[in-house]
file query_37.cif (mmCIF, C-alpha atoms)
data_coords
loop_
_atom_site.group_PDB
_atom_site.id
_atom_site.type_symbol
_atom_site.label_atom_id
_atom_site.label_comp_id
_atom_site.auth_asym_id
_atom_site.auth_seq_id
_atom_site.Cartn_x
_atom_site.Cartn_y
_atom_site.Cartn_z
ATOM 1 C CA MET I 295 -31.239 7.046 88.439
ATOM 2 C CA ASP I 296 -31.606 10.807 88.542
ATOM 3 C CA ASN I 297 -35.059 12.372 88.579
ATOM 4 C CA MET I 298 -36.912 9.090 88.049
ATOM 5 C CA LYS I 299 -40.502 8.995 89.256
ATOM 6 C CA PRO I 300 -40.794 6.649 92.252
ATOM 7 C CA MET I 301 -42.833 3.483 91.838
ATOM 8 C CA LEU I 302 -45.671 3.245 94.331
ATOM 9 C CA GLN I 303 -47.021 -0.231 93.686
ATOM 10 C CA VAL I 304 -48.041 -2.767 91.054
ATOM 11 C CA TYR I 305 -51.749 -3.634 91.083
ATOM 12 C CA LYS I 306 -53.607 -6.631 89.717
ATOM 13 C CA PRO I 307 -57.334 -6.432 88.803
ATOM 14 C CA THR I 308 -59.451 -6.280 91.954
ATOM 15 C CA SER I 309 -62.723 -7.687 90.588
ATOM 16 C CA ALA I 310 -64.407 -9.145 87.526
ATOM 17 C CA HIS I 311 -68.047 -8.423 86.782
ATOM 18 C CA TRP I 312 -70.513 -7.678 84.011
ATOM 19 C CA VAL I 313 -71.632 -4.176 83.104
ATOM 20 C CA GLY I 314 -75.052 -4.750 81.595
ATOM 21 C CA ASP I 315 -74.990 -7.846 79.414
ATOM 22 C CA GLY I 316 -72.387 -6.599 76.940
ATOM 23 C CA PHE I 317 -69.235 -5.808 78.879
ATOM 24 C CA PRO I 318 -67.360 -8.419 80.943
ATOM 25 C CA VAL I 319 -64.933 -6.151 82.801
ATOM 26 C CA ARG I 320 -62.057 -6.369 85.224
ATOM 27 C CA ASN I 321 -61.624 -3.349 87.449
ATOM 28 C CA ILE I 322 -57.989 -2.228 87.270
ATOM 29 C CA PHE I 323 -58.187 0.625 89.773
ATOM 30 C CA SER I 324 -60.624 3.010 91.397
ATOM 31 C CA ASP I 325 -60.486 6.093 93.580
ATOM 32 C CA GLU I 326 -62.162 4.030 96.292
ATOM 33 C CA ASN I 327 -58.935 2.108 96.915
ATOM 34 C CA LEU I 328 -56.245 4.518 95.695
ATOM 35 C CA GLY I 329 -57.607 8.026 96.338
ATOM 36 C CA GLU I 330 -55.293 10.983 95.718
ATOM 37 C CA ALA I 331 -52.545 8.718 94.366
ATOM 38 C CA ILE I 332 -54.435 8.500 91.061
ATOM 39 C CA SER I 333 -56.062 11.956 90.838
ATOM 40 C CA PRO I 334 -57.329 13.268 88.405
ATOM 41 C CA PHE I 335 -58.293 9.725 87.352
ATOM 42 C CA LEU I 336 -61.075 7.882 89.151
ATOM 43 C CA LEU I 337 -61.431 4.419 87.651
ATOM 44 C CA LEU I 338 -60.169 2.115 84.909
ATOM 45 C CA ASP I 339 -62.138 -0.916 83.694
ATOM 46 C CA TYR I 340 -60.812 -3.374 81.109
ATOM 47 C CA ALA I 341 -63.476 -5.210 79.098
ATOM 48 C CA GLY I 342 -62.552 -8.474 77.396
ATOM 49 C CA PRO I 343 -60.994 -9.710 75.319
ATOM 50 C CA ALA I 344 -64.224 -11.697 74.975
ATOM 51 C CA GLU I 345 -65.902 -13.331 72.001
ATOM 52 C CA PHE I 346 -69.614 -12.777 71.505
ATOM 53 C CA PRO I 347 -71.713 -15.085 69.303
ATOM 54 C CA PRO I 348 -73.903 -13.585 66.563
ATOM 55 C CA SER I 349 -77.137 -12.126 67.925
ATOM 56 C CA ASN I 350 -80.131 -10.160 66.702
ATOM 57 C CA ARG I 351 -80.147 -8.323 70.039
ATOM 58 C CA GLN I 352 -77.793 -5.470 70.892
ATOM 59 C CA ARG I 353 -76.010 -6.365 74.091
ATOM 60 C CA GLY I 354 -74.722 -3.553 76.275
ATOM 61 C CA VAL I 355 -75.820 -1.301 79.098
ATOM 62 C CA GLY I 356 -79.077 0.636 78.966
ATOM 63 C CA GLU I 357 -80.064 4.092 80.129
ATOM 64 C CA HIS I 358 -78.098 5.316 83.149
ATOM 65 C CA PRO I 359 -76.916 8.721 84.482
ATOM 66 C CA HIS I 360 -73.538 10.378 85.169
ATOM 67 C CA ARG I 361 -72.582 13.677 86.798
ATOM 68 C CA GLY I 362 -69.325 15.374 87.779
ATOM 69 C CA PHE I 363 -66.724 13.579 85.632
ATOM 70 C CA GLU I 364 -65.815 12.288 82.158
ATOM 71 C CA THR I 365 -65.933 8.781 80.683
ATOM 72 C CA VAL I 366 -63.276 7.858 78.122
ATOM 73 C CA THR I 367 -63.909 4.683 76.119
ATOM 74 C CA ILE I 368 -61.094 3.306 73.946
ATOM 75 C CA VAL I 369 -62.022 0.416 71.631
ATOM 76 C CA TYR I 370 -59.364 -2.097 70.558
ATOM 77 C CA GLN I 371 -61.670 -4.772 69.088
ATOM 78 C CA GLY I 372 -65.398 -4.650 68.305
ATOM 79 C CA GLU I 373 -67.802 -1.755 67.715
ATOM 80 C CA LEU I 374 -69.996 0.281 70.049
ATOM 81 C CA VAL I 375 -72.814 2.801 69.667
ATOM 82 C CA HIS I 376 -73.605 5.604 72.107
ATOM 83 C CA ARG I 377 -76.519 7.977 72.526
ATOM 84 C CA ASP I 378 -77.341 10.393 75.321
ATOM 85 C CA SER I 379 -79.942 12.810 76.638
ATOM 86 C CA ALA I 380 -77.993 15.811 75.331
ATOM 87 C CA GLY I 381 -78.705 14.632 71.782
ATOM 88 C CA ASN I 382 -75.264 13.187 71.079
ATOM 89 C CA HIS I 383 -74.709 9.866 69.360
ATOM 90 C CA GLY I 384 -71.750 8.099 67.818
ATOM 91 C CA THR I 385 -70.274 4.798 66.647
ATOM 92 C CA ILE I 386 -66.725 3.779 67.520
ATOM 93 C CA GLY I 387 -64.644 0.817 66.358
ATOM 94 C CA PRO I 388 -61.038 -0.396 66.643
ATOM 95 C CA GLY I 389 -58.698 2.474 67.512
ATOM 96 C CA ASP I 390 -61.519 4.969 68.081
ATOM 97 C CA VAL I 391 -62.182 6.853 71.316
ATOM 98 C CA GLN I 392 -65.367 8.267 72.830
ATOM 99 C CA TRP I 393 -64.799 11.124 75.288
ATOM 100 C CA MET I 394 -68.005 11.996 77.106
ATOM 101 C CA THR I 395 -68.025 14.876 79.581
ATOM 102 C CA ALA I 396 -71.035 14.286 81.826
ATOM 103 C CA ALA I 397 -70.383 17.458 83.880
ATOM 104 C CA SER I 398 -73.781 18.780 85.127
ATOM 105 C CA GLY I 399 -75.467 15.538 84.193
ATOM 106 C CA VAL I 400 -76.353 13.315 81.291
ATOM 107 C CA VAL I 401 -78.225 10.058 80.741
ATOM 108 C CA HIS I 402 -76.790 7.678 78.147
ATOM 109 C CA GLU I 403 -76.590 4.119 76.889
ATOM 110 C CA GLU I 404 -73.717 2.122 75.376
ATOM 111 C CA LYS I 405 -74.411 -0.943 73.268
ATOM 112 C CA HIS I 406 -72.809 -3.208 70.700
ATOM 113 C CA GLU I 407 -73.167 -1.736 67.221
ATOM 114 C CA PRO I 408 -76.027 -3.557 65.398
ATOM 115 C CA GLY I 409 -73.812 -4.941 62.620
ATOM 116 C CA PHE I 410 -71.205 -6.133 65.122
ATOM 117 C CA ALA I 411 -73.934 -7.776 67.219
ATOM 118 C CA LYS I 412 -75.261 -9.664 64.174
ATOM 119 C CA ARG I 413 -71.803 -10.794 63.043
ATOM 120 C CA GLY I 414 -70.483 -11.539 66.509
ATOM 121 C CA GLY I 415 -66.792 -11.299 67.265
ATOM 122 C CA MET I 416 -64.164 -10.176 69.739
ATOM 123 C CA LEU I 417 -64.732 -7.219 72.037
ATOM 124 C CA GLU I 418 -61.835 -5.491 73.822
ATOM 125 C CA MET I 419 -61.944 -1.988 75.267
ATOM 126 C CA VAL I 420 -61.110 0.132 78.272
ATOM 127 C CA GLN I 421 -63.192 2.732 80.040
ATOM 128 C CA LEU I 422 -61.418 5.433 82.029
ATOM 129 C CA TRP I 423 -63.171 7.859 84.371
ATOM 130 C CA VAL I 424 -61.571 11.306 84.684
ATOM 131 C CA ASN I 425 -62.600 13.620 87.511
ATOM 132 C CA LEU I 426 -63.579 17.238 86.882
ATOM 133 C CA PRO I 427 -62.541 20.160 89.099
ATOM 134 C CA LYS I 428 -65.321 21.821 91.082
ATOM 135 C CA ALA I 429 -65.263 24.889 88.821
ATOM 136 C CA VAL I 430 -66.565 22.881 85.834
ATOM 137 C CA LYS I 431 -68.484 20.018 87.458
ATOM 138 C CA MET I 432 -71.768 21.751 86.584
ATOM 139 C CA ALA I 433 -70.767 22.824 83.063
ATOM 140 C CA PRO I 434 -72.943 21.684 80.135
ATOM 141 C CA PRO I 435 -72.315 18.084 78.955
ATOM 142 C CA ARG I 436 -69.967 17.585 76.009
ATOM 143 C CA TYR I 437 -69.282 14.669 73.665
ATOM 144 C CA GLN I 438 -66.265 13.950 71.452
ATOM 145 C CA THR I 439 -65.840 11.118 68.941
ATOM 146 C CA LEU I 440 -62.123 10.716 68.230
ATOM 147 C CA LEU I 441 -61.611 8.461 65.222
ATOM 148 C CA ASN I 442 -58.457 6.396 64.817
ATOM 149 C CA GLU I 443 -57.310 8.432 61.820
ATOM 150 C CA GLN I 444 -57.532 11.651 63.879
ATOM 151 C CA ILE I 445 -55.149 10.349 66.554
ATOM 152 C CA PRO I 446 -51.494 11.167 65.753
ATOM 153 C CA VAL I 447 -48.740 8.567 66.102
ATOM 154 C CA ALA I 448 -45.136 9.214 67.104
ATOM 155 C CA TYR I 449 -42.494 6.634 66.156
ATOM 156 C CA LEU I 450 -39.779 5.915 68.717
ATOM 157 C CA ALA I 451 -36.086 5.957 67.826
ATOM 158 C CA GLN I 452 -34.365 2.821 66.521
ATOM 159 C CA GLY I 453 -37.697 1.144 65.778
ATOM 160 C CA ALA I 454 -38.443 0.680 69.483
ATOM 161 C CA GLY I 455 -42.163 1.187 68.971
ATOM 162 C CA GLN I 456 -44.776 3.912 68.698
ATOM 163 C CA VAL I 457 -46.992 6.206 70.766
ATOM 164 C CA ARG I 458 -50.605 7.061 69.898
ATOM 165 C CA VAL I 459 -51.382 10.457 71.423
ATOM 166 C CA ILE I 460 -55.042 10.525 72.487
ATOM 167 C CA ALA I 461 -54.846 13.467 74.897
ATOM 168 C CA GLY I 462 -52.137 15.912 75.898
ATOM 169 C CA GLU I 463 -48.956 15.840 73.869
ATOM 170 C CA PHE I 464 -45.857 13.784 73.181
ATOM 171 C CA HIS I 465 -42.713 15.348 71.674
ATOM 172 C CA GLY I 466 -44.766 18.152 70.124
ATOM 173 C CA LEU I 467 -47.559 15.928 68.802
ATOM 174 C CA LYS I 468 -50.900 16.989 70.290
ATOM 175 C CA GLY I 469 -53.767 14.604 70.864
ATOM 176 C CA PRO I 470 -57.243 15.565 69.600
ATOM 177 C CA ALA I 471 -59.075 15.247 72.940
ATOM 178 C CA LYS I 472 -60.183 18.491 74.559
ATOM 179 C CA THR I 473 -59.759 18.180 78.322
ATOM 180 C CA PHE I 474 -60.618 20.312 81.344
ATOM 181 C CA THR I 475 -57.730 18.988 83.436
ATOM 182 C CA PRO I 476 -54.072 18.815 82.299
ATOM 183 C CA ILE I 477 -53.660 15.144 81.362
ATOM 184 C CA HIS I 478 -51.833 12.929 78.881
ATOM 185 C CA VAL I 479 -53.310 9.671 77.565
ATOM 186 C CA TYR I 480 -51.190 7.474 75.260
ATOM 187 C CA ASP I 481 -51.362 4.032 73.695
ATOM 188 C CA LEU I 482 -47.735 2.839 73.793
ATOM 189 C CA HIS I 483 -46.459 -0.112 71.753
ATOM 190 C CA LEU I 484 -42.942 -1.434 72.406
ATOM 191 C CA THR I 485 -41.137 -4.117 70.418
ATOM 192 C CA ALA I 486 -39.512 -7.009 72.279
ATOM 193 C CA ASP I 487 -36.233 -6.225 74.085
ATOM 194 C CA ASP I 488 -36.558 -2.508 73.374
ATOM 195 C CA HIS I 489 -37.062 0.348 75.794
ATOM 196 C CA THR I 490 -38.115 3.967 75.954
ATOM 197 C CA GLU I 491 -37.961 6.798 78.440
ATOM 198 C CA LEU I 492 -41.019 8.981 78.979
ATOM 199 C CA SER I 493 -40.956 12.436 80.575
ATOM 200 C CA PHE I 494 -43.763 14.060 82.565
ATOM 201 C CA PRO I 495 -44.083 17.242 84.598
ATOM 202 C CA THR I 496 -43.098 17.038 88.250
ATOM 203 C CA GLY I 497 -46.253 16.732 90.346
ATOM 204 C CA TYR I 498 -48.184 14.580 87.854
ATOM 205 C CA ASN I 499 -49.502 11.173 88.927
ATOM 206 C CA ILE I 500 -48.685 8.363 86.477
ATOM 207 C CA GLY I 501 -50.404 5.055 85.712
ATOM 208 C CA LEU I 502 -49.025 2.409 83.339
ATOM 209 C CA PHE I 503 -51.564 -0.270 82.370
ATOM 210 C CA VAL I 504 -49.987 -3.229 80.549
ATOM 211 C CA ARG I 505 -52.638 -4.511 78.164
ATOM 212 C CA LYS I 506 -50.410 -7.064 76.416
ATOM 213 C CA GLY I 507 -46.992 -8.514 77.246
ATOM 214 C CA SER I 508 -44.846 -7.466 80.196
ATOM 215 C CA VAL I 509 -42.398 -4.659 80.958
ATOM 216 C CA VAL I 510 -39.752 -3.620 83.463
ATOM 217 C CA VAL I 511 -40.229 -0.113 84.889
ATOM 218 C CA ASN I 512 -37.204 1.921 86.044
ATOM 219 C CA GLN I 513 -35.020 -1.186 85.596
ATOM 220 C CA SER I 514 -36.447 -2.720 88.780
ATOM 221 C CA TYR I 515 -40.187 -3.431 88.730
ATOM 222 C CA VAL I 516 -41.761 -6.130 86.566
ATOM 223 C CA VAL I 517 -45.299 -5.321 85.448
ATOM 224 C CA GLY I 518 -47.142 -8.209 83.803
ATOM 225 C CA GLU I 519 -50.112 -8.491 81.491
ATOM 226 C CA VAL I 520 -53.322 -6.837 82.762
ATOM 227 C CA GLU I 521 -51.398 -5.254 85.638
ATOM 228 C CA LEU I 522 -50.980 -1.583 86.456
ATOM 229 C CA ALA I 523 -48.041 0.325 87.906
ATOM 230 C CA PHE I 524 -48.507 3.642 89.659
ATOM 231 C CA CYS I 525 -45.685 6.147 89.935
ATOM 232 C CA GLY I 526 -45.579 8.981 92.454
ATOM 233 C CA ALA I 527 -45.770 12.675 91.726
ATOM 234 C CA ALA I 528 -42.082 13.420 92.401
ATOM 235 C CA GLY I 529 -39.525 13.231 89.586
ATOM 236 C CA GLU I 530 -39.997 13.571 85.848
ATOM 237 C CA ARG I 531 -38.827 10.432 84.013
ATOM 238 C CA ILE I 532 -39.895 6.800 83.639
ATOM 239 C CA ASN I 533 -37.887 4.083 81.903
ATOM 240 C CA ILE I 534 -39.951 1.263 80.355
ATOM 241 C CA GLN I 535 -38.290 -1.854 78.947
ATOM 242 C CA ALA I 536 -40.277 -4.519 77.085
ATOM 243 C CA LYS I 537 -39.322 -8.072 78.043
ATOM 244 C CA GLU I 538 -41.534 -9.133 75.136
ATOM 245 C CA GLU I 539 -43.669 -7.232 72.656
ATOM 246 C CA ALA I 540 -45.916 -5.061 74.820
ATOM 247 C CA THR I 541 -48.777 -2.576 74.579
ATOM 248 C CA LEU I 542 -49.592 -0.159 77.387
ATOM 249 C CA LEU I 543 -52.110 2.534 78.199
ATOM 250 C CA VAL I 544 -50.156 5.434 79.715
ATOM 251 C CA LEU I 545 -52.033 7.871 81.951
ATOM 252 C CA SER I 546 -50.598 11.021 83.494
ATOM 253 C CA GLY I 547 -52.306 13.993 85.033
ATOM 254 C CA GLU I 548 -52.117 16.904 87.417
ATOM 255 C CA PRO I 549 -53.891 16.079 90.699
ATOM 256 C CA ILE I 550 -57.065 18.086 91.323
ATOM 257 C CA ASN I 551 -56.610 18.164 95.127
ATOM 258 C CA GLU I 552 -60.284 18.569 95.959
ATOM 259 C CA PRO I 553 -62.593 16.355 98.049
ATOM 260 C CA VAL I 554 -64.137 13.406 96.190
ATOM 261 C CA VAL I 555 -67.586 12.216 97.268
ATOM 262 C CA TRP I 556 -68.562 9.355 94.981
ATOM 263 C CA ARG I 557 -71.548 7.072 94.835
ATOM 264 C CA GLY I 558 -72.344 4.995 91.765
ATOM 265 C CA PRO I 559 -72.538 7.256 88.695
ATOM 266 C CA PHE I 560 -72.206 10.562 90.580
ATOM 267 C CA VAL I 561 -68.935 12.240 91.624
ATOM 268 C CA THR I 562 -69.220 15.413 93.682
ATOM 269 C CA ASN I 563 -67.257 17.414 96.260
ATOM 270 C CA THR I 564 -69.751 17.197 99.162
ATOM 271 C CA GLU I 565 -72.456 14.888 100.513
ATOM 272 C CA GLU I 566 -75.014 17.636 99.912
ATOM 273 C CA GLU I 567 -74.086 17.798 96.222
ATOM 274 C CA LEU I 568 -74.352 14.022 96.008
ATOM 275 C CA VAL I 569 -77.878 14.072 97.452
ATOM 276 C CA GLN I 570 -78.779 16.836 94.979
ATOM 277 C CA ALA I 571 -77.394 14.802 92.051
ATOM 278 C CA MET I 572 -79.571 11.817 92.948
ATOM 279 C CA ALA I 573 -82.619 14.078 93.345
ATOM 280 C CA ASP I 574 -81.955 15.804 90.011
ATOM 281 C CA TYR I 575 -81.742 12.469 88.199
ATOM 282 C CA GLN I 576 -84.893 11.109 89.825
ATOM 283 C CA ALA I 577 -86.748 14.310 88.925
ATOM 284 C CA GLY I 578 -85.697 13.980 85.258
ATOM 285 C CA ARG I 579 -83.482 17.053 85.278
ATOM 286 C CA MET I 580 -80.670 15.132 83.552
ATOM 287 C CA GLY I 581 -83.043 14.165 80.769
ATOM 288 C CA HIS I 582 -84.059 10.764 79.418
ATOM 289 C CA LEU I 583 -83.593 8.779 76.226
ATOM 290 C CA ASP I 584 -86.522 8.474 73.836
#
call {"tool": "encode", "arguments": {"input": "query_37.cif", "output": "structure tokens"}}
result
Amino acid sequence: MDNMKPMLQVYKPTSAHWVGDGFPVRNIFSDENLGEAISPFLLLDYAGPAEFPPSNRQRGVGEHPHRGFETVTIVYQGELVHRDSAGNHGTIGPGDVQWMTAASGVVHEEKHEPGFAKRGGMLEMVQLWVNLPKAVKMAPPRYQTLLNEQIPVAYLAQGAGQVRVIAGEFHGLKGPAKTFTPIHVYDLHLTADDHTELSFPTGYNIGLFVRKGSVVVNQSYVVGEVELAFCGAAGERINIQAKEEATLLVLSGEPINEPVVWRGPFVTNTEEELVQAMADYQAGRMGHLD
């Protein structure tokens, strides 16, 4: 198959843990075990699907810092609220996306929306971490709320499915996310026994996270539910066939090719910068929540 991107490996979740008391997550990948093969992406966590009983208390994760990268939260079920030390706040529900650029440093919290907490219900979401190049790691923080109705949808030929374009572009449709690094982020839905072919620039790393169903990639590799396939930077095309109705998160991006020094919520280029990030947070230079 000419110019197909080579498959590197299929990964299953490596761990399951709680983030705060509101997010039961499975780690799908991280830079710590894949490194340059996933650049510019750093981490993908999948929360849920999990049902929460009604509560008068907002579950979630309290005040914590970030520096040097972006967090991208995509909600499929449930509702979340965010606020941060830069004065940003927002509420996102099914289909909405929160794109927070921590850059030079921000302190924030993410919790279940009060009404959702009181009603209870299903929570399902992903959080993606996107690295920033050194030139903008210390830029001012930025926050984007991308509502479902702002995200364009492309319909595939012969009713094969649809693509929601969150970032980058697909067949001329541009996603609303403003990014520092050339990346594409899609929600892809394929109907059973249908297929599509996606094209990406040579040199881009590709990740295909199967959220529901199962698919065959490049007519050879079966990727099941809650599994992720990584494709190498060579080549331009990927063929995806749905064995059953399937939904995927498609990630593609140009590698940054810079050192990554990462500890907890800080991602820098050197150990010295990492030490400085921890000192800046402890000294309150990233701010605090009221």
call {"tool": "atom_distance", "arguments": {"input": "query_37.cif", "atom1": "CA of Ile386 in chain I", "atom2": "CA of Leu336 in chain I"}}
result
22.7 Å
call {"tool": "atom_distance", "arguments": {"input": "query_37.cif", "atom1": "CA of Leu337 in chain I", "atom2": "CA of Pro553 in chain I"}}
result
15.9 Å
call {"tool": "resolve_selection", "arguments": {"input": "query_37.cif", "expression": "the PyMOL selection byres ((chain I and resi 537) around 8)", "output": "ChimeraX atom specification"}}
result
/I:486-488,507-510,535-536,538-540
call {"tool": "atom_distance", "arguments": {"input": "query_37.cif", "atom1": "CA of Val424 in chain I", "atom2": "CA of Gly389 in chain I"}}
result
19.5 Å
call {"tool": "residues_around", "arguments": {"input": "query_37.cif", "residues": "range 341-353 of chain I", "least_positions_apart": "4", "cutoff": "10 Å", "atoms": "all atoms listed in the file", "output": "PyMOL selection string"}}
result
chain I and resi 310-321+369-372+374-375+404-421
call {"tool": "closest_residue", "arguments": {"input": "query_37.cif", "among": "I:Ser546, I:Gln438, I:Thr365, I:Asn382", "to": "Ala396 in chain I", "atoms": "all atoms listed in the file"}}
result
I:Thr365
call {"tool": "resolve_selection", "arguments": {"input": "query_37.cif", "expression": "the PyMOL selection byres ((chain I and resi 377) around 6)", "output": "list in words"}}
result
His376, Asp378, Asn382, His383, His402 and Glu403 of chain I
call {"tool": "residues_near_point", "arguments": {"input": "query_37.cif", "point": "(-77.9, 9.0, 81.5)", "cutoff": "9 Å", "atoms": "all atoms listed in the file", "output": "list in words"}}
result
Gly356, Glu357, His358, Pro359, His360, Arg361, Asp378, Ser379, Ala396, Gly399, Val400, Val401, His402, Glu403, Tyr575, Met580, Gly581, His582 and Leu583 of chain I
call {"tool": "write_last_selection", "arguments": {"input": "query_37.cif", "atoms": "C-alpha atoms", "output": "short mmCIF file (atom, residue, chain, number, x, y, z; two decimals), in the coordinates of the input"}}
result
data_model
loop_
_atom_site.label_atom_id
_atom_site.label_comp_id
_atom_site.auth_asym_id
_atom_site.auth_seq_id
_atom_site.Cartn_x
_atom_site.Cartn_y
_atom_site.Cartn_z
CA GLY I 356 -79.08 0.64 78.97
CA GLU I 357 -80.06 4.09 80.13
CA HIS I 358 -78.10 5.32 83.15
CA PRO I 359 -76.92 8.72 84.48
CA HIS I 360 -73.54 10.38 85.17
CA ARG I 361 -72.58 13.68 86.80
CA ASP I 378 -77.34 10.39 75.32
CA SER I 379 -79.94 12.81 76.64
CA ALA I 396 -71.04 14.29 81.83
CA GLY I 399 -75.47 15.54 84.19
CA VAL I 400 -76.35 13.32 81.29
CA VAL I 401 -78.22 10.06 80.74
CA HIS I 402 -76.79 7.68 78.15
CA GLU I 403 -76.59 4.12 76.89
CA TYR I 575 -81.74 12.47 88.20
CA MET I 580 -80.67 15.13 83.55
CA GLY I 581 -83.04 14.16 80.77
CA HIS I 582 -84.06 10.76 79.42
CA LEU I 583 -83.59 8.78 76.23
#
